>>> print(open('run.cif').read())   # mmCIF, C-alpha atoms
data_target
loop_
_atom_site.label_atom_id
_atom_site.label_comp_id
_atom_site.auth_asym_id
_atom_site.auth_seq_id
_atom_site.Cartn_x
_atom_site.Cartn_y
_atom_site.Cartn_z
CA MET A 16 18.57 0.35 -39.12
CA LEU A 17 18.56 3.67 -37.30
CA LEU A 18 18.21 6.34 -39.92
CA ILE A 19 18.18 9.55 -37.99
CA SER A 20 19.58 10.85 -34.74
CA LEU A 21 18.61 13.89 -32.72
CA ASN A 22 21.36 15.80 -30.97
CA SER A 23 18.99 16.93 -28.28
CA SER A 24 18.94 17.67 -24.60
CA CYS A 25 15.98 17.35 -22.30
CA GLN A 26 17.10 20.58 -20.65
CA LYS A 27 16.35 22.73 -23.71
CA GLU A 28 13.22 23.62 -25.60
CA PHE A 29 12.84 21.67 -28.81
CA LEU A 30 13.31 24.34 -31.45
CA GLU A 31 16.40 25.48 -29.56
CA GLU A 32 17.83 21.96 -29.55
CA ARG A 33 18.69 22.24 -33.24
CA PRO A 34 18.38 18.51 -34.01
CA ALA A 35 20.90 17.39 -36.58
CA LEU A 36 20.68 14.70 -39.23
CA SER A 37 23.30 12.01 -38.77
CA LEU A 38 25.51 10.87 -41.64
CA LEU A 39 23.00 8.10 -42.28
CA VAL A 40 19.86 9.63 -43.77
CA PRO A 41 16.60 8.01 -44.92
CA THR A 42 16.81 7.18 -48.60
CA THR A 43 13.95 4.74 -49.31
CA LEU A 44 10.20 4.65 -48.80
CA SER A 45 10.62 1.94 -46.17
CA ASP A 46 13.15 4.11 -44.34
CA LEU A 47 10.74 7.04 -44.35
CA GLN A 48 7.83 4.87 -43.22
CA ALA A 49 9.98 3.59 -40.36
CA LEU A 50 10.40 7.15 -39.08
CA LEU A 51 6.65 7.65 -39.06
CA ASP A 52 6.12 4.32 -37.28
CA ASN A 53 7.95 5.60 -34.20
CA THR A 54 4.89 5.76 -31.95
CA THR A 55 6.83 7.39 -29.11
CA ILE A 56 7.44 10.41 -31.33
CA MET A 57 4.51 10.49 -33.72
CA ASN A 58 1.64 9.11 -31.64
CA SER A 59 2.33 10.82 -28.31
CA ILE A 60 1.62 14.47 -29.08
CA ALA A 61 -1.91 15.16 -27.78
CA PRO A 62 -1.78 18.04 -25.25
CA GLY A 63 -1.31 16.78 -21.71
CA LEU A 64 -1.20 19.92 -19.57
CA THR A 65 -4.55 21.19 -20.76
CA GLN A 66 -6.20 18.06 -19.35
CA ILE A 67 -5.30 19.09 -15.84
CA ALA A 68 -6.63 22.61 -16.42
CA THR A 69 -10.18 21.51 -17.20
CA ASP A 70 -13.14 20.53 -15.02
CA GLU A 71 -12.63 16.79 -15.64
CA PHE A 72 -10.20 16.05 -12.80
CA ALA A 73 -9.69 17.19 -9.23
CA PHE A 74 -6.97 17.04 -6.57
CA ASP A 75 -6.97 17.22 -2.82
CA ASP A 76 -4.46 19.71 -1.42
CA GLY A 77 -1.80 17.10 -0.63
CA PRO A 78 -1.75 15.39 -4.04
CA TRP A 79 -1.77 18.78 -5.78
CA ALA A 80 1.26 19.97 -3.80
CA ALA A 81 2.98 16.67 -4.55
CA LEU A 82 2.69 17.03 -8.33
CA ALA A 83 6.21 16.56 -9.62
CA THR A 84 6.59 19.64 -11.82
CA ALA A 85 5.63 23.29 -11.72
CA PRO A 86 3.78 23.19 -15.08
CA GLN A 87 1.41 20.54 -13.68
CA ARG A 88 0.74 22.40 -10.42
CA ASN A 89 0.39 25.77 -12.16
CA SER A 90 -1.80 24.50 -14.99
CA TYR A 91 -4.28 23.22 -12.41
CA ILE A 92 -4.65 26.68 -10.82
CA TRP A 93 -4.19 28.67 -14.07
CA ALA A 94 -1.15 30.47 -12.68
CA ALA A 95 0.31 33.36 -14.66
CA ASP A 96 3.79 31.82 -14.48
CA LEU A 97 3.13 28.38 -15.85
CA SER A 98 6.59 26.89 -16.19
CA GLU A 99 8.73 28.58 -13.51
CA GLY A 100 11.61 27.92 -15.89
CA GLU A 101 10.82 24.23 -16.39
CA ILE A 102 10.26 22.53 -19.73
CA ILE A 103 6.81 22.61 -21.29
CA TYR A 104 6.62 19.24 -23.01
CA ASP A 105 3.34 20.14 -24.71
CA TRP A 106 5.53 22.38 -26.88
CA ASN A 107 8.51 20.06 -27.30
CA GLY A 108 6.61 16.89 -28.20
CA PRO A 109 4.61 18.20 -31.17
CA TYR A 110 7.59 20.13 -32.57
CA ARG A 111 9.74 17.02 -32.39
CA ALA A 112 7.08 15.18 -34.40
CA ILE A 113 6.97 18.08 -36.88
CA PHE A 114 10.72 17.79 -37.37
CA TYR A 115 10.34 14.10 -38.18
CA THR A 116 7.55 14.79 -40.65
CA ASN A 117 9.65 17.42 -42.39
CA VAL A 118 12.58 14.99 -42.65
CA VAL A 119 10.17 12.57 -44.33
CA LEU A 120 8.67 15.16 -46.68
CA ASP A 121 12.13 16.42 -47.65
CA GLY A 122 13.19 12.82 -48.25
CA LEU A 123 10.21 12.14 -50.49
CA ASP A 124 11.32 14.95 -52.79
CA LYS A 125 14.58 13.08 -53.43
CA LEU A 126 13.10 9.70 -54.35
CA PRO A 127 13.15 8.30 -57.88
CA ALA A 128 10.16 9.29 -60.01
CA ALA A 129 8.94 5.69 -60.15
CA ASP A 130 8.47 5.62 -56.36
CA THR A 131 6.07 8.55 -56.49
CA GLN A 132 3.50 6.48 -58.38
CA THR A 133 3.14 3.82 -55.67
CA ALA A 134 0.59 3.28 -52.93
CA ALA A 135 3.44 3.22 -50.42
CA TYR A 136 4.46 6.73 -51.49
CA ARG A 137 0.89 7.99 -51.01
CA GLN A 138 0.75 6.36 -47.56
CA VAL A 139 4.04 7.92 -46.43
CA LYS A 140 3.31 11.39 -47.78
CA GLY A 141 -0.26 11.36 -46.49
CA SER A 142 0.88 10.19 -43.06
CA ALA A 143 3.61 12.84 -42.79
CA LEU A 144 1.20 15.62 -43.75
CA PHE A 145 -1.44 14.26 -41.39
CA PHE A 146 0.91 14.19 -38.40
CA ARG A 147 2.28 17.65 -39.19
CA GLY A 148 -1.17 19.17 -39.58
CA LEU A 149 -2.37 17.50 -36.39
CA ALA A 150 0.68 18.70 -34.45
CA PHE A 151 0.11 22.26 -35.68
CA PHE A 152 -3.50 22.02 -34.54
CA TYR A 153 -2.59 20.67 -31.10
CA LEU A 154 -0.07 23.48 -30.65
CA SER A 155 -2.53 26.15 -31.74
CA ASN A 156 -5.14 24.88 -29.30
CA SER A 157 -2.73 25.26 -26.38
CA PHE A 158 -0.66 28.29 -27.40
CA CYS A 159 -3.12 30.44 -29.37
CA LYS A 160 -6.44 32.09 -28.73
CA ALA A 161 -9.63 30.43 -29.91
CA TYR A 162 -10.27 30.84 -33.62
CA ASP A 163 -12.74 33.64 -34.32
CA GLY A 164 -13.23 36.64 -36.60
CA SER A 165 -9.97 38.18 -35.39
CA ALA A 166 -7.83 35.22 -36.54
CA GLY A 167 -6.29 37.38 -39.28
CA SER A 168 -4.62 39.56 -36.64
CA THR A 169 -4.20 37.05 -33.80
CA PRO A 170 -0.72 35.49 -33.36
CA GLY A 171 -0.39 31.91 -34.58
CA ILE A 172 2.47 29.48 -33.99
CA PRO A 173 5.87 29.00 -35.67
CA MET A 174 5.40 26.59 -38.58
CA PRO A 175 8.59 24.83 -39.77
CA LEU A 176 7.91 23.36 -43.21
CA THR A 177 11.37 21.90 -43.84
CA ALA A 178 13.91 20.02 -41.73
CA ASP A 179 16.40 22.93 -41.94
CA VAL A 180 17.51 23.29 -38.33
CA ASN A 181 19.07 26.72 -38.90
CA ALA A 182 15.89 28.41 -40.05
CA ARG A 183 14.07 30.98 -37.93
CA TYR A 184 10.29 31.19 -37.77
CA ASP A 185 7.92 33.92 -36.72
CA ARG A 186 4.42 33.26 -35.42
CA GLY A 187 2.44 34.63 -38.33
CA THR A 188 -1.30 34.84 -37.72
CA LEU A 189 -3.74 32.27 -36.45
CA GLU A 190 -5.48 32.44 -39.82
CA GLN A 191 -2.20 31.48 -41.53
CA THR A 192 -1.70 28.65 -39.03
CA TYR A 193 -5.13 27.21 -39.80
CA LYS A 194 -4.65 27.66 -43.54
CA GLN A 195 -1.46 25.61 -43.39
CA LEU A 196 -2.75 22.86 -41.11
CA LEU A 197 -5.92 22.54 -43.20
CA SER A 198 -3.81 22.25 -46.34
CA ASP A 199 -1.78 19.48 -44.69
CA LEU A 200 -4.83 17.60 -43.46
CA GLU A 201 -6.89 17.95 -46.63
CA THR A 202 -4.00 16.75 -48.79
CA ALA A 203 -3.48 13.88 -46.36
CA TYR A 204 -7.16 12.98 -46.65
CA SER A 205 -6.81 12.74 -50.43
CA LEU A 206 -3.73 10.50 -50.17
CA LEU A 207 -4.38 8.15 -47.27
CA PRO A 208 -5.94 4.70 -47.65
CA ASN A 209 -9.21 3.63 -46.07
CA LEU A 210 -7.48 0.89 -44.08
CA ALA A 211 -4.06 0.63 -42.40
CA ILE A 212 -2.14 -2.42 -41.24
CA ALA A 213 -1.99 -1.02 -37.71
CA LYS A 214 -3.76 1.74 -35.81
CA ASN A 215 -0.66 3.84 -35.31
CA ARG A 216 -0.85 4.69 -39.04
CA PRO A 217 -3.30 7.39 -40.20
CA THR A 218 -6.19 6.60 -42.56
CA ALA A 219 -8.56 8.72 -44.59
CA ALA A 220 -11.18 8.21 -41.86
CA ALA A 221 -8.82 9.59 -39.20
CA ALA A 222 -8.00 12.57 -41.41
CA ALA A 223 -11.72 13.22 -41.95
CA ALA A 224 -12.28 13.05 -38.18
CA ILE A 225 -9.64 15.67 -37.49
CA LEU A 226 -10.83 17.88 -40.34
CA SER A 227 -14.31 17.72 -38.83
CA ARG A 228 -12.81 18.78 -35.49
CA VAL A 229 -10.89 21.70 -37.01
CA TYR A 230 -13.91 23.03 -38.92
CA LEU A 231 -16.04 22.64 -35.78
CA ASP A 232 -13.47 24.80 -34.01
CA MET A 233 -13.75 27.39 -36.77
CA GLY A 234 -17.54 27.41 -36.60
CA ASP A 235 -17.86 26.10 -40.15
CA TYR A 236 -20.60 23.57 -39.40
CA ASP A 237 -21.28 22.66 -43.02
CA LYS A 238 -17.71 21.50 -43.62
CA SER A 239 -17.44 19.91 -40.19
CA LEU A 240 -20.58 17.87 -40.87
CA SER A 241 -19.39 16.96 -44.36
CA TYR A 242 -16.12 15.51 -43.05
CA ALA A 243 -17.90 13.80 -40.14
CA ASN A 244 -20.21 12.07 -42.62
CA ALA A 245 -17.25 11.14 -44.79
CA CYS A 246 -15.59 9.50 -41.79
CA ILE A 247 -18.73 7.65 -40.72
CA SER A 248 -19.25 6.40 -44.27
CA GLN A 249 -15.90 4.61 -43.97
CA GLN A 250 -16.14 3.52 -40.34
CA ASP A 251 -19.35 3.37 -38.31
CA LYS A 252 -18.84 0.46 -35.91
CA LEU A 253 -19.56 1.60 -32.38
CA ILE A 254 -19.13 -0.69 -29.36
CA ASP A 255 -22.28 -1.73 -27.50
CA TYR A 256 -21.48 -1.26 -23.82
CA ASN A 257 -24.45 -3.50 -23.01
CA THR A 258 -22.23 -6.40 -24.05
CA PHE A 259 -19.44 -5.54 -21.59
CA ASN A 260 -18.75 -7.41 -18.39
CA THR A 261 -18.46 -4.40 -16.11
CA THR A 262 -16.83 -6.45 -13.35
CA ILE A 263 -13.68 -6.48 -15.49
CA PHE A 264 -11.45 -3.51 -14.69
CA TYR A 265 -10.64 -2.74 -18.33
CA PRO A 266 -13.09 -4.27 -20.82
CA PHE A 267 -11.68 -2.65 -23.98
CA GLU A 268 -9.42 -4.36 -26.50
CA GLU A 269 -5.84 -3.12 -26.70
CA THR A 270 -5.63 -0.62 -29.54
CA LEU A 271 -2.37 -1.82 -31.08
CA PRO A 272 -1.91 -3.36 -33.44
CA ASN A 273 -5.52 -3.29 -34.59
CA GLY A 274 -8.00 -3.56 -31.72
CA ASN A 275 -10.91 -1.44 -30.42
CA THR A 276 -13.12 -0.67 -33.40
CA GLU A 277 -13.99 2.80 -32.08
CA ILE A 278 -10.41 4.06 -32.27
CA LEU A 279 -9.56 5.56 -35.64
CA LEU A 280 -5.94 6.30 -34.71
CA PHE A 281 -3.82 5.38 -31.73
CA MET A 282 -2.78 8.62 -30.00
CA ASN A 283 -1.28 9.17 -26.57
CA PHE A 284 -0.96 12.37 -24.60
CA VAL A 285 2.27 14.15 -23.89
CA SER A 286 3.13 12.32 -20.67
CA TYR A 287 2.82 13.80 -17.19
CA ALA A 288 2.81 12.12 -13.81
CA PHE A 289 -0.77 13.10 -12.95
CA GLN A 290 -2.12 10.94 -15.77
CA GLY A 291 -3.19 7.61 -14.34
CA ALA A 292 -2.10 8.48 -10.78
CA SER A 293 -4.38 7.13 -8.07
CA THR A 294 -4.52 10.63 -6.55
CA THR A 295 -5.95 12.11 -9.78
CA ILE A 296 -9.67 11.74 -9.25
CA ALA A 297 -12.61 12.48 -11.51
CA ALA A 298 -14.33 15.74 -10.68
CA PRO A 299 -17.44 14.86 -8.61
CA GLU A 300 -19.56 17.31 -10.58
CA LEU A 301 -18.71 15.44 -13.77
CA TYR A 302 -19.23 11.99 -12.29
CA ASN A 303 -22.67 12.99 -11.04
CA GLN A 304 -23.77 13.80 -14.60
CA TYR A 305 -24.03 10.06 -15.37
CA GLY A 306 -27.38 8.46 -14.57
CA THR A 307 -27.65 5.06 -12.91
CA ASP A 308 -28.59 3.49 -16.25
CA ASP A 309 -25.66 5.12 -18.05
CA LEU A 310 -23.20 2.28 -18.66
CA ARG A 311 -20.32 4.74 -19.01
CA LYS A 312 -20.44 5.31 -15.27
CA THR A 313 -18.95 1.87 -14.64
CA VAL A 314 -17.12 1.41 -17.95
CA PHE A 315 -15.19 4.70 -17.68
CA PHE A 316 -14.73 4.99 -13.92
CA ASN A 317 -13.56 2.96 -10.96
CA LYS A 318 -14.78 3.81 -7.46
CA SER A 319 -12.40 2.72 -4.72
CA SER A 320 -13.33 1.51 -1.24
CA LYS A 321 -12.44 5.01 -0.01
CA GLY A 322 -14.88 6.57 -2.47
CA ASN A 323 -12.24 8.00 -4.80
CA ILE A 324 -13.26 7.88 -8.47
CA THR A 325 -10.58 7.36 -11.12
CA TYR A 326 -10.85 7.22 -14.88
CA LYS A 327 -10.13 3.89 -16.62
CA GLY A 328 -11.31 4.42 -20.20
CA TYR A 329 -9.34 4.73 -23.42
CA ASP A 330 -7.97 7.58 -25.52
CA GLY A 331 -7.05 8.21 -29.14
CA ILE A 332 -8.85 9.74 -32.12
CA THR A 333 -12.22 8.06 -31.91
CA LEU A 334 -15.44 7.43 -33.79
CA PRO A 335 -17.77 8.58 -30.97
CA GLU A 336 -16.28 12.07 -31.26
CA VAL A 337 -17.25 12.13 -34.93
CA PHE A 338 -20.87 11.14 -34.18
CA LEU A 339 -21.04 13.88 -31.56
CA SER A 340 -19.49 16.49 -33.86
CA ALA A 341 -22.03 15.59 -36.54
CA ALA A 342 -24.88 15.81 -34.01
CA GLU A 343 -23.66 19.22 -32.83
CA CYS A 344 -23.50 20.55 -36.38
CA LEU A 345 -27.02 19.29 -37.05
CA ALA A 346 -28.28 20.93 -33.85
CA ARG A 347 -26.70 24.24 -34.83
CA GLN A 348 -28.29 23.95 -38.28
CA GLY A 349 -31.72 23.38 -36.71
CA LYS A 350 -32.05 19.87 -38.17
CA LEU A 351 -33.57 18.41 -35.02
CA GLU A 352 -34.70 15.00 -36.31
CA ASP A 353 -31.32 14.34 -37.94
CA CYS A 354 -29.55 15.50 -34.80
CA ALA A 355 -31.60 13.16 -32.62
CA ALA A 356 -31.05 10.26 -35.02
CA MET A 357 -27.28 10.79 -34.99
CA LEU A 358 -27.15 11.07 -31.20
CA ASN A 359 -29.37 8.01 -30.71
CA LYS A 360 -26.96 5.91 -32.76
CA LEU A 361 -24.43 6.47 -29.99
CA LEU A 362 -26.68 6.54 -26.94
CA LYS A 363 -28.35 3.20 -27.65
CA PHE A 364 -24.93 1.63 -27.07
CA ARG A 365 -24.25 3.65 -23.91
CA ILE A 366 -27.53 3.41 -21.98
CA SER A 367 -28.89 0.19 -20.53
CA LYS A 368 -31.15 -1.56 -23.02
CA ALA A 369 -33.74 -1.99 -20.27
CA THR A 370 -34.24 1.76 -19.95
CA PHE A 371 -33.05 3.31 -23.22
CA SER A 372 -35.53 5.66 -24.84
CA PRO A 373 -34.59 7.57 -28.01
CA VAL A 374 -34.12 11.30 -27.52
CA VAL A 375 -36.45 13.73 -29.28
CA PHE A 376 -35.85 17.47 -29.47
CA ALA A 377 -38.41 20.26 -29.55
CA THR A 378 -35.97 23.15 -30.02
CA ALA A 379 -32.47 23.71 -31.35
CA GLU A 380 -31.45 25.01 -27.92
CA ASP A 381 -32.51 21.75 -26.26
CA ALA A 382 -30.70 19.73 -28.91
CA LEU A 383 -27.44 21.65 -28.55
CA ARG A 384 -27.59 21.50 -24.76
CA ARG A 385 -28.04 17.72 -24.78
CA VAL A 386 -25.38 17.12 -27.44
CA LEU A 387 -22.82 19.17 -25.49
CA LEU A 388 -23.65 17.26 -22.30
CA GLU A 389 -23.23 13.93 -24.04
CA ARG A 390 -20.00 15.15 -25.62
CA ARG A 391 -18.66 15.99 -22.18
CA LYS A 392 -19.63 12.59 -20.77
CA GLU A 393 -18.49 10.54 -23.76
CA MET A 394 -15.21 12.32 -24.47
CA VAL A 395 -13.98 12.59 -20.89
CA ALA A 396 -10.18 12.34 -20.66
CA HIS A 397 -9.77 12.43 -24.44
CA GLY A 398 -8.07 15.82 -24.39
CA LEU A 399 -11.08 17.57 -25.95
CA ARG A 400 -12.48 19.43 -22.97
CA TRP A 401 -10.01 22.37 -23.20
CA PHE A 402 -10.68 22.53 -26.94
CA ASP A 403 -14.42 22.62 -26.25
CA ILE A 404 -14.21 25.14 -23.42
CA LYS A 405 -12.26 27.64 -25.53
CA ARG A 406 -14.56 27.45 -28.54
CA LEU A 407 -17.76 27.42 -26.48
CA ASN A 408 -16.60 30.48 -24.55
CA LEU A 409 -16.86 32.55 -27.72
CA THR A 410 -20.66 32.48 -27.32
CA PRO A 411 -22.22 33.74 -24.04
CA ALA A 412 -24.99 31.11 -24.13
CA THR A 413 -22.45 28.27 -23.96
CA ALA A 414 -19.67 29.98 -21.98
CA ILE A 415 -18.06 28.06 -19.11
CA THR A 416 -16.53 29.45 -15.92
CA LEU A 417 -14.10 27.18 -14.08
CA ASN A 418 -13.63 27.30 -10.31
CA ARG A 419 -11.54 25.33 -7.83
CA THR A 420 -10.19 25.71 -4.31
CA VAL A 421 -6.65 24.69 -3.40
CA ALA A 422 -5.13 25.12 0.07
CA GLY A 423 -8.00 27.37 1.10
CA LYS A 424 -7.67 29.68 -1.88
CA THR A 425 -10.30 29.88 -4.61
CA TYR A 426 -9.19 30.15 -8.22
CA THR A 427 -11.46 31.17 -11.11
CA LEU A 428 -10.95 31.05 -14.86
CA LEU A 429 -13.51 33.25 -16.56
CA PRO A 430 -14.57 32.75 -20.19
CA ASN A 431 -11.96 34.09 -22.63
CA ASP A 432 -9.49 34.81 -19.84
CA LYS A 433 -5.95 35.37 -21.11
CA LYS A 434 -4.85 32.40 -19.02
CA ASP A 435 -6.62 30.00 -21.37
CA VAL A 436 -3.68 30.55 -23.74
CA TYR A 437 -0.50 28.87 -22.57
CA PRO A 438 2.78 30.86 -22.59
CA ILE A 439 5.37 30.04 -25.22
CA PRO A 440 8.59 28.71 -23.64
CA LEU A 441 11.02 31.52 -22.87
CA GLN A 442 13.83 29.87 -24.83
CA GLU A 443 11.72 30.04 -27.97
CA ILE A 444 10.94 33.71 -27.39
CA SER A 445 14.66 34.44 -27.13
CA ARG A 446 15.80 32.27 -30.04
CA HIS A 447 13.17 33.27 -32.57
CA ASN A 448 12.40 36.78 -31.28
CA ILE A 449 8.67 36.08 -31.36
CA GLN A 450 5.78 37.57 -29.44
CA GLN A 451 4.89 36.09 -26.06
CA ASN A 452 1.31 35.39 -25.06
CA GLU A 453 -0.15 37.62 -22.39
CA ARG A 454 -1.17 35.88 -19.18
#
>>> encode(input="run.cif", output="structure tokens")
Amino acid sequence: MLLISLNSSCQKEFLEERPALSLLVPTTLSDLQALLDNTTIMNSIAPGLTQIATDEFAFDDGPWAALATAPQRNSYIWAADLSEGEIIYDWNGPYRAIFYTNVVLDGLDKLPAADTQTAAYRQVKGSALFFRGLAFFYLSNSFCKAYDGSAGSTPGIPMPLTADVNARYDRGTLEQTYKQLLSDLETAYSLLPNLAIAKNRPTAAAAAAILSRVYLDMGDYDKSLSYANACISQQDKLIDYNTFNTTIFYPFEETLPNGNTEILLFMNFVSYAFQGASTTIAAPELYNQYGTDDLRKTVFFNKSSKGNITYKGYDGITLPEVFLSAAECLARQGKLEDCAAMLNKLLKFRISKATFSPVVFATAEDALRRVLLERRKEMVAHGLRWFDIKRLNLTPATAITLNRTVAGKTYTLLPNDKKDVYPIPLQEISRHNIQQNER
């Protein structure tokens, strides 16, 4: 039973599309759950364009010029005009998911009182709030500045909280954006179950993982560590790469319906042609960070007969990220033994057993440096590098300058450059009369 239709056009930005409810509307918990089980809408909202803007991938001149859309080509070189009038799907996808979540939340308010006392009700409400909070966070990471002490005066993102398609939304502040998305995620954490029947449905562990990520972004290391520990207390099963047959191209279990123990929630990126293309190669500088005894070098990458290196790992919201977030918080708190212990729990499953030696740290600086290196190597192609670059650039000691040469021209993205904030689609600026980001 199809419960909802979207009168939408791929030629318009999402908030301009004004999606309309059909005459048939969701009226039961199972109807509402069915909306949230649409993985194409709900589980395909991780930012895609920001992947191509980082130092994880590289293109030769020909493949770069052949990229199918202007946003892909321009994101790679951090061009001032990102879209050249084309659609920015990193905006459309999350807002479409937000519309669905608001339909669900509005529908929950109309259910009989008896339904609100059920586990199914808690699952549906928690899932809707989780997906909405996550979508708000993804959007803020792409279309807002990094969160810092100026968040109270920095523009945020439009935040629709109902399915009313006629409403107008201003940007508010980044502080207001984070307050809302944290409210969504923390309420979701309190409602969601520890286990789900399939990995496209959020759990309390997945909510804790994202809350840890958000608080890490805000520099609140106590809360980030607290939620990381809460996640690990529910799910701590890492995969031992020593057990993999590395001659197999893809040794991981399929995530859906319930495979790969390291994945807390199935999540795809907003889709672009560069993802998975044979001409999208791993940046040599990144690939060279892996030692010969680092099993990730063969598990994550494939080296062709021509020497091209392509990524072949997995994505989603994952447990290794949580271990690394916890280790980073411990390093920043100066708890060196705890930091090393947390990091070693991961590394013993990533380095060959024949050569693995537990890490030991003498200083907090050494600990943080190693944790950030391992985070880069472990979380490659998980959509976290842009998130990390922006937050790390707030501190000179960890700031990152990006450089690349295309068609004989060198491009540089300095720390805290205005081009690390993506422009809001022009149609949204016109429709909602909101402030554009400077580029």
>>> residues_near_point(input="run.cif", point="(5.7, 4.7, -52.4)", cutoff="10 Å", atoms="all atoms listed in the file", output="JSON, numbers by chain")
{"A": [43, 44, 45, 47, 48, 123, 126, 127, 128, 129, 130, 131, 132, 133, 134, 135, 136, 137, 138, 139, 140]}
>>> atom_distance(input="run.cif", atom1="atom CA of His397 of chain A", atom2="atom CA of Asp330 of chain A")
5.3 Å
>>> resolve_selection(input="run.cif", expression="the PyMOL selection byres ((chain A and resi 55) around 12)", output="MDAnalysis selection string")
chainID A and resid 50:54 56:61 108:109 111:112 115 215 281:286
>>> residues_around(input="run.cif", residues="Ala414 of chain A", least_positions_apart="5", cutoff="12 Å", atoms="all atoms listed in the file", output="mmCIF file with C-alpha atoms, in the coordinates of the input")
data_model
loop_
_atom_site.group_PDB
_atom_site.id
_atom_site.type_symbol
_atom_site.label_atom_id
_atom_site.label_comp_id
_atom_site.auth_asym_id
_atom_site.auth_seq_id
_atom_site.Cartn_x
_atom_site.Cartn_y
_atom_site.Cartn_z
ATOM 1 C CA ARG A 384 -27.590 21.500 -24.760
ATOM 2 C CA LEU A 387 -22.820 19.170 -25.490
ATOM 3 C CA ASP A 403 -14.420 22.620 -26.250
ATOM 4 C CA ILE A 404 -14.210 25.140 -23.420
ATOM 5 C CA LYS A 405 -12.260 27.640 -25.530
ATOM 6 C CA ARG A 406 -14.560 27.450 -28.540
ATOM 7 C CA LEU A 407 -17.760 27.420 -26.480
ATOM 8 C CA ASN A 408 -16.600 30.480 -24.550
ATOM 9 C CA LEU A 409 -16.860 32.550 -27.720
ATOM 10 C CA LEU A 428 -10.950 31.050 -14.860
ATOM 11 C CA LEU A 429 -13.510 33.250 -16.560
ATOM 12 C CA PRO A 430 -14.570 32.750 -20.190
ATOM 13 C CA ASN A 431 -11.960 34.090 -22.630
ATOM 14 C CA ASP A 432 -9.490 34.810 -19.840
#
>>> residues_around(input="run.cif", residues="Thr294 of chain A", least_positions_apart="6", cutoff="10 Å", atoms="all atoms listed in the file", output="tab-separated table (two decimals) with C-alpha atoms, keeping the file's coordinate frame")
chain	number	residue	atom	x	y	z
A	73	ALA	CA	-9.69	17.19	-9.23
A	74	PHE	CA	-6.97	17.04	-6.57
A	75	ASP	CA	-6.97	17.22	-2.82
A	77	GLY	CA	-1.80	17.10	-0.63
A	78	PRO	CA	-1.75	15.39	-4.04
A	79	TRP	CA	-1.77	18.78	-5.78
A	81	ALA	CA	2.98	16.67	-4.55
A	82	LEU	CA	2.69	17.03	-8.33
A	323	ASN	CA	-12.24	8.00	-4.80
A	324	ILE	CA	-13.26	7.88	-8.47
A	325	THR	CA	-10.58	7.36	-11.12
>>> resolve_selection(input="run.cif", expression="the PyMOL selection byres ((chain A and resi 349-360) around 10)", output="VMD selection string")
chain A and resid 251 253 335 338 to 348 361 to 365 371 to 383 385 to 386 389 to 390
>>> closest_residue(input="run.cif", among="A:Gly423, A:Gly291, A:Gly187, A:Gly234", to="Ala161 of chain A", atoms="all atoms listed in the file")
A:Gly234
>>> closest_residue(input="run.cif", among="A:Thr84, A:Asn117, A:Ser155, A:Gln442", to="Gln191 of chain A", atoms="only C-alpha atoms")
A:Ser155
>>> resolve_selection(input="run.cif", expression="the PyMOL selection byres ((chain A and resi 327) around 8)", output="ChimeraX atom specification")
/A:264-265,314-317,325-326,328-329
>>> residues_around(input="run.cif", residues="Glu101 of chain A", least_positions_apart="2", cutoff="9 Å", atoms="all atoms listed in the file", output="list in words")
Gln26, Thr84, Ala85, Pro86, Leu97, Ser98, Glu99, Ile103 and Pro440 of chain A
>>> write_last_selection(input="run.cif", atoms="C-alpha atoms", output="PDB file, keeping the file's coordinate frame")
ATOM      1  CA  GLN A  26      17.100  20.580 -20.650  1.00  0.00           C
ATOM      2  CA  THR A  84       6.590  19.640 -11.820  1.00  0.00           C
ATOM      3  CA  ALA A  85       5.630  23.290 -11.720  1.00  0.00           C
ATOM      4  CA  PRO A  86       3.780  23.190 -15.080  1.00  0.00           C
ATOM      5  CA  LEU A  97       3.130  28.380 -15.850  1.00  0.00           C
ATOM      6  CA  SER A  98       6.590  26.890 -16.190  1.00  0.00           C
ATOM      7  CA  GLU A  99       8.730  28.580 -13.510  1.00  0.00           C
ATOM      8  CA  ILE A 103       6.810  22.610 -21.290  1.00  0.00           C
ATOM      9  CA  PRO A 440       8.590  28.710 -23.640  1.00  0.00           C
TER      10      PRO A 440
END
>>> residues_near_point(input="run.cif", point="(-8.0, -2.5, -27.5)", cutoff="12 Å", atoms="only C-alpha atoms", output="list in words")
Ala213, Lys214, Ile254, Tyr265, Pro266, Phe267, Glu268, Glu269, Thr270, Leu271, Pro272, Asn273, Gly274, Asn275, Thr276, Glu277, Ile278, Leu279, Leu280, Phe281, Gly328, Tyr329, Asp330 and Gly331 of chain A
>>> closest_residue(input="run.cif", among="A:Phe151, A:Leu176, A:Arg88, A:Met233", to="Gly164 of chain A", atoms="all atoms listed in the file")
A:Met233
>>> closest_residue(input="run.cif", among="A:Asp237, A:Asp105, A:Glu453, A:Glu443", to="Pro173 of chain A", atoms="only C-alpha atoms")
A:Glu443
>>> atom_distance(input="run.cif", atom1="atom CA of Gln87 of chain A", atom2="atom CA of Asn156 of chain A")
17.5 Å
>>> closest_residue(input="run.cif", among="A:Gln290, A:Asn260, A:Thr202, A:Ser248", to="Leu64 of chain A", atoms="only C-alpha atoms")
A:Gln290
>>> atom_distance(input="run.cif", atom1="atom CA of Leu144 of chain A", atom2="atom CA of Ala224 of chain A")
14.8 Å
>>> closest_residue(input="run.cif", among="A:Glu71, A:Lys368, A:Val337, A:Pro411", to="Pro299 of chain A", atoms="only C-alpha atoms")
A:Glu71
